[in-house]
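A.B. asks: Okay, handing you the structure first.
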Amino acid sequence: MRPHRDVVLPEPLGPAFARTLALFDRVLGANVARADAAAGLIEAGFGLVNSERIRASVEDAGNAHSRVRIEAIFPAGATAVARSRAVEALAEALIEAGGTPESA
């Protein structure tokens with residue numbers, strides 16, 4: 001399984017997507033390759049030749065809350081890692097913004 005974290009934000013989809021997208025730039029300094037609000041998907045790469053990619057999916061969690069799943073994606077043949085500093089940094093930034101970590 002890829003390194004990942006789930007965070008629930010106390011806001012509806014639109015604001016949650018915008019907050020998550022802004023944090024990709026502010027916290028990770030990542031090159032956002034895809035930001036599709038309708039699909040609730042953000043993908044970005046960074047590192048040497050985008051050696052690590054981060055994907056966040058934003059979905060409705062009910063009661064005006066949104067769930068953000070953050071995953072690290074590595075190129076084929078890369079050494080598998082249990083944790084990603086980028087995933088952790090983005091999750092912690094969402095938690096600092098009022099989100100609640102969700103257990104896997």
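Chain labels follow the order of the structure tokens: the first chain is A, the next B, and so on; residue numbering restarts at 1 in every chain, and ligands are counted from 1 in their shown order.
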Determine, for each residue of range 8-57 of chain A having at least one atom at most 10 Å from an atom of range 68-87 of chain A, the closest pair of atoms and their separation in Å to one decimal, counting only C-alpha atoms; order by chain and ascending number, as JSON lines.

C.D. replies:
{"residue": "A:Val8", "atom": "CA", "partner": "A:Val68", "partner_atom": "CA", "distance": 6.2}
{"residue": "A:Leu9", "atom": "CA", "partner": "A:Val68", "partner_atom": "CA", "distance": 7.5}
{"residue": "A:Leu13", "atom": "CA", "partner": "A:Val68", "partner_atom": "CA", "distance": 9.6}
{"residue": "A:Ala16", "atom": "CA", "partner": "A:Val68", "partner_atom": "CA", "distance": 8.1}
{"residue": "A:Phe17", "atom": "CA", "partner": "A:Val68", "partner_atom": "CA", "distance": 8.5}
{"residue": "A:Thr20", "atom": "CA", "partner": "A:Val68", "partner_atom": "CA", "distance": 8.1}
{"residue": "A:Phe24", "atom": "CA", "partner": "A:Ala86", "partner_atom": "CA", "distance": 9.4}
{"residue": "A:Val27", "atom": "CA", "partner": "A:Ala86", "partner_atom": "CA", "distance": 8.6}
{"residue": "A:Leu28", "atom": "CA", "partner": "A:Ala86", "partner_atom": "CA", "distance": 6.6}
{"residue": "A:Ala30", "atom": "CA", "partner": "A:Ala86", "partner_atom": "CA", "distance": 9.5}
{"residue": "A:Gly40", "atom": "CA", "partner": "A:Val68", "partner_atom": "CA", "distance": 9.2}
{"residue": "A:Leu41", "atom": "CA", "partner": "A:Val68", "partner_atom": "CA", "distance": 9.6}
{"residue": "A:Ile42", "atom": "CA", "partner": "A:Ile70", "partner_atom": "CA", "distance": 9.4}
{"residue": "A:Glu43", "atom": "CA", "partner": "A:Glu71", "partner_atom": "CA", "distance": 9.6}
{"residue": "A:Ala44", "atom": "CA", "partner": "A:Ala72", "partner_atom": "CA", "distance": 9.9}
{"residue": "A:Gly45", "atom": "CA", "partner": "A:Ile73", "partner_atom": "CA", "distance": 9.1}
{"residue": "A:Phe46", "atom": "CA", "partner": "A:Ala86", "partner_atom": "CA", "distance": 9.6}
{"residue": "A:Asn50", "atom": "CA", "partner": "A:Phe74", "partner_atom": "CA", "distance": 9.1}
{"residue": "A:Ser51", "atom": "CA", "partner": "A:Phe74", "partner_atom": "CA", "distance": 6.5}
{"residue": "A:Glu52", "atom": "CA", "partner": "A:Phe74", "partner_atom": "CA", "distance": 5.1}
{"residue": "A:Arg53", "atom": "CA", "partner": "A:Ile73", "partner_atom": "CA", "distance": 5.0}
{"residue": "A:Ile54", "atom": "CA", "partner": "A:Ala72", "partner_atom": "CA", "distance": 4.7}
{"residue": "A:Arg55", "atom": "CA", "partner": "A:Glu71", "partner_atom": "CA", "distance": 5.2}
{"residue": "A:Ala56", "atom": "CA", "partner": "A:Ile70", "partner_atom": "CA", "distance": 4.4}
{"residue": "A:Ser57", "atom": "CA", "partner": "A:Arg69", "partner_atom": "CA", "distance": 5.3}

A.B. asks: Taking the backbone alone, and naming residues the way the document does, which bits of chain A are strand (DSSP E or B) by DSSP, as JSON, numbers by chain?

C.D. replies: {"A": [4, 5, 6, 7, 8, 9, 31, 32, 33, 34, 35, 36, 41, 42, 43, 44, 45, 46, 52, 53, 54, 55, 56, 57, 58, 59, 60, 61, 62, 65, 66, 67, 68, 69, 70, 71, 72, 73, 100, 101, 102]}

A.B. asks: Out of chain A, which residues get helix (DSSP H, G or I) from DSSP, as a count of residues only?

C.D. replies: 31

A.B. asks: Nearest residue to Asp36 in chain A out of A:Ala64, A:His4, A:Val58, A:Glu88, using only C-alpha atoms?

C.D. replies: A:Val58

A.B. asks: For Ala89 in chain A, which residue out of A:Leu23, A:Ala37, A:Ala18, A:Val32 is the nearest one, using only C-alpha atoms?

C.D. replies: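 Closest to Ala89 in chain A, using only C-alpha atoms: A:Leu23.
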
A.B. asks: Pick the closest to Ser103 in chain A from A:Ala39, A:Arg19, A:Gly62, A:Arg67: which is it, counting only C-alpha atoms?

C.D. replies: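 Under the stated criterion, the closest residue is A:Arg67.
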
A.B. asks: Nearest residue to Ala93 in chain A out of A:Pro3, A:Pro10, A:Arg26, A:Pro15, using only C-alpha atoms?

C.D. replies: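 Closest candidate: A:Arg26.
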
A.B. asks: Nearest residue to Asp60 in chain A out of A:Glu11, A:Ala91, A:Ala97, A:Gly29, using only C-alpha atoms?

C.D. replies: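 Checking each candidate against Asp60 in chain A, we get A:Glu11 as the closest.
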
A.B. asks: Any idea what the distance is between CA of Ile95 in chain A and CA of Ser66 in chain A?

C.D. replies: 12.6 Å
